[in-house]
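Visitor: Got a structure for you, questions after.
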Amino acid sequence: MRKIILLACTAAILPVQANAAEKFVATNFYVTNTKASSIDDNSGYWVVTFEGISKVSAGPIDTMAVTCDGSGFWNAKGTSGQGICVHGVGEDTFTLRWEAEPGAGENKWQILAGKGKYLNITGQGIVTTQKLPGNRRISTLQGEVELTE
C-alpha cells in the first residue's frame with residue numbers, strides 16, 4: 001500500500017511536458033466582396049467577405065483555405081472594424097478574431113477555437129493588410145501559436 005501511495009505522489013510531482021508557443025507567420029491572399037454606405041459626408045460603414053488562401057511560412061499550421069467576414073466604420077480618424085476568419089474546410093479548422101483600429105498600422109488577431117487536428121489551438125498576434133488593385137488584398141499575420149495534442 002505504501003508503494004502505491006509513494007508511486008502516486010511521485011507521478012503527481014513529475015514535470016509534465018508542455019508544448020511551447022511557436023512563431024507563426026502566414027500570408028493570406030484574398031478576393032474581397034465589400035459593400036459600403038455613407039452615413040454623412042465624412043463617415044460610413046462597410047461589410048466585407050474575404051475568400052482565399054492562407055500560405056503558412058512558419059508555425060504548426062498547414063497552408064489552407066480561409067474565409068473572413070467583417071464590418072466596421074470609417075470617419076475622419078480612419079477605419080475601424082472587426083470580424084472572424086475560418087481557416088480550413090471540413091473537420092480540421094480554426095477560427096480567429098481580428099480587430100482594426102483607426103490609424104493603426106498593425107491590427108490584432110486572436111484564435112478563438114479549433115476543431116479536428118486544431119482542437120486545442122491557441123494563439124495571437126498582429127496583422128497588416130495591403131489593398132491591391134480591384135478587389136484583392138494581401139494580409140500578413142505574425143505572432144505565436146500553440147497546438148497541443
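Identifiers for the C-alpha cells are assigned positionally: chains receive A, B, ... in sequence, residues are indexed from 1 per chain, and ligands are indexed from 1 in the order shown.
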Show me a table, sorted first by chain and then by increasing residue number, of the residues of stretch 45-73 of chain A having an atom at most 10 Å from stretch 130-139 of chain A, each with its shortest atom pair and the distance in Å to one decimal, counting only C-alpha atoms and written as JSON lines.
Guide:
{"residue": "A:Phe50", "atom": "CA", "partner": "A:Arg137", "partner_atom": "CA", "distance": 8.5}
{"residue": "A:Glu51", "atom": "CA", "partner": "A:Arg136", "partner_atom": "CA", "distance": 9.6}
{"residue": "A:Gly52", "atom": "CA", "partner": "A:Arg137", "partner_atom": "CA", "distance": 9.5}
{"residue": "A:Ile53", "atom": "CA", "partner": "A:Ile138", "partner_atom": "CA", "distance": 10.0}
{"residue": "A:Ser54", "atom": "CA", "partner": "A:Ser139", "partner_atom": "CA", "distance": 9.0}
Visitor: Output N, CA and C atoms for every residue in the selection just made, as a short mmCIF file (atom, residue, chain, number, x, y, z; two decimals), in the first residue's frame.
Guide:
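Everything below was put into result-v9.cif:
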data_model
loop_
_atom_site.label_atom_id
_atom_site.label_comp_id
_atom_site.auth_asym_id
_atom_site.auth_seq_id
_atom_site.Cartn_x
_atom_site.Cartn_y
_atom_site.Cartn_z
N PHE A 50 -13.99 38.07 -47.28
CA PHE A 50 -12.71 37.76 -47.92
C PHE A 50 -12.69 36.25 -48.15
N GLU A 51 -12.25 35.82 -49.31
CA GLU A 51 -12.05 34.39 -49.57
C GLU A 51 -10.71 34.21 -50.25
N GLY A 52 -9.96 33.20 -49.80
CA GLY A 52 -8.66 32.98 -50.41
C GLY A 52 -7.90 31.83 -49.80
N ILE A 53 -6.59 32.03 -49.74
CA ILE A 53 -5.69 31.00 -49.25
C ILE A 53 -4.76 31.61 -48.21
N SER A 54 -4.48 30.88 -47.16
CA SER A 54 -3.54 31.28 -46.13
C SER A 54 -2.29 30.43 -46.31
#
Visitor: In chain A, what's helix (DSSP H, G or I) per DSSP? Answer as a list in words?
Guide: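 So the helix (DSSP H, G or I) residues in chain A would be Arg2, Lys3, Ile4, Ile5, Leu6, Leu7, Ala8, Cys9, Thr10, Ala11, Ala12, Ile13, Gly116, Lys117 and Tyr118 of chain A.
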Visitor: Quick one: write out the picked residues with N, CA and C atoms as a short mmCIF file (atom, residue, chain, number, x, y, z; two decimals), in the first residue's frame?
Guide:
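Saved as again.cif:
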data_model
loop_
_atom_site.label_atom_id
_atom_site.label_comp_id
_atom_site.auth_asym_id
_atom_site.auth_seq_id
_atom_site.Cartn_x
_atom_site.Cartn_y
_atom_site.Cartn_z
N ARG A 2 1.95 1.24 0.80
CA ARG A 2 2.83 2.40 0.85
C ARG A 2 3.52 2.63 -0.49
N LYS A 3 3.86 1.54 -1.19
CA LYS A 3 4.49 1.68 -2.51
C LYS A 3 3.54 2.35 -3.49
N ILE A 4 2.27 1.99 -3.45
CA ILE A 4 1.28 2.58 -4.36
C ILE A 4 1.13 4.07 -4.08
N ILE A 5 1.06 4.43 -2.79
CA ILE A 5 0.93 5.85 -2.42
C ILE A 5 2.18 6.61 -2.84
N LEU A 6 3.37 6.03 -2.60
CA LEU A 6 4.61 6.67 -2.97
C LEU A 6 4.69 6.86 -4.49
N LEU A 7 4.31 5.86 -5.27
CA LEU A 7 4.32 5.98 -6.73
C LEU A 7 3.33 7.04 -7.19
N ALA A 8 2.16 7.10 -6.60
CA ALA A 8 1.16 8.10 -6.97
C ALA A 8 1.67 9.51 -6.65
N CYS A 9 2.31 9.69 -5.51
CA CYS A 9 2.85 11.00 -5.14
C CYS A 9 3.99 11.41 -6.07
N THR A 10 4.85 10.44 -6.41
CA THR A 10 5.96 10.72 -7.31
C THR A 10 5.43 11.12 -8.68
N ALA A 11 4.45 10.42 -9.19
CA ALA A 11 3.87 10.74 -10.50
C ALA A 11 3.23 12.12 -10.50
N ALA A 12 2.64 12.50 -9.38
CA ALA A 12 1.96 13.79 -9.30
C ALA A 12 2.94 14.96 -9.34
N ILE A 13 4.20 14.76 -8.89
CA ILE A 13 5.13 15.88 -8.86
C ILE A 13 6.09 15.89 -10.04
N GLY A 116 -11.09 19.30 -34.93
CA GLY A 116 -10.27 18.32 -35.63
C GLY A 116 -8.84 18.39 -35.12
N LYS A 117 -7.86 18.39 -36.02
CA LYS A 117 -6.46 18.43 -35.58
C LYS A 117 -6.06 19.77 -34.97
N TYR A 118 -6.93 20.79 -35.07
CA TYR A 118 -6.67 22.09 -34.45
C TYR A 118 -7.51 22.31 -33.19
#
Visitor: If you measure from atom CA of A:Ala20 to atom CA of A:Asn120, what distance in Å do you get, rounded to one decimal?
Guide: 13.0 Å
Visitor: Please provide as a ChimeraX atom specification all residues within 8 Å of A:Lys55, with the sequence filter that same-chain residues fewer than 2 positions apart are discarded (counting only C-alpha atoms).
Guide: /A:26-29,53,57,62-64
Visitor: Work out how far atom CA of A:Phe24 is from atom CA of A:Gly59, in Å to one decimal.
Guide: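 Computing the Euclidean distance for atom CA of A:Gly59 and atom CA of A:Phe24 yields 4.4 Å.
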Visitor: Write out as a ChimeraX atom specification the set of residues from stretch 35-136 of chain A that DSSP, computed on the backbone, places in strand (DSSP E).
Guide: /A:35-40,43-58,64-75,78-87,93-100,107-115,121-131,136
Visitor: When you count only C-alpha atoms, which of these residues is closest to A:Ile121: A:Asp40, A:Asp69, A:Asp92, A:Glu101?
Guide: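 Nearest to A:Ile121: A:Asp92.
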Visitor: Determine, counting only C-alpha atoms, which protein, DNA and RNA residues have an atom within 8 Å of an atom of A:Ile111; residues of the same chain fewer than 5 positions away are not included. Present the result as number ranges by chain.
Guide: A: 94-97, 121-124
Visitor: List the spatial neighbours of A:Gln142 as a list in words - criterion: any atom at most 6 Å away, only C-alpha atoms, same-chain residues fewer than 3 positions off excluded.
Guide: Phe24, Val25, Gly125 and Ile126 of chain A
Visitor: Here is a test: counting only C-alpha atoms, which residue of A:Ala21, A:Val127, A:Cys85, A:Ala65 is nearest to A:Glu144?
Guide: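 So, comparing all the options, the nearest one is A:Ala21.
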Visitor: What's around A:Trp46 at 7 Å? Count only C-alpha atoms, leave out sequence neighbours fewer than 3 positions away in its own chain, and write the answer as a list of chain:residue names.
Guide: A:Thr34, A:Lys35, A:Ala36, A:Ser37, A:Ser71, A:Gly72, A:Phe73
Visitor: Find the distance between atom CA of A:Thr49 and atom CA of A:Asn33 and write it in Å to one decimal.
Guide: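 Computing the Euclidean distance for atom CA of A:Thr49 and atom CA of A:Asn33 yields 5.3 Å.
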Visitor: Counting only C-alpha atoms, which residue out of A:Ala100, A:Ala58, A:Thr93, A:Glu146 sits closest to A:Gly70?
Guide: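 The shortest atom-to-atom distance to A:Gly70 comes from A:Ala100.
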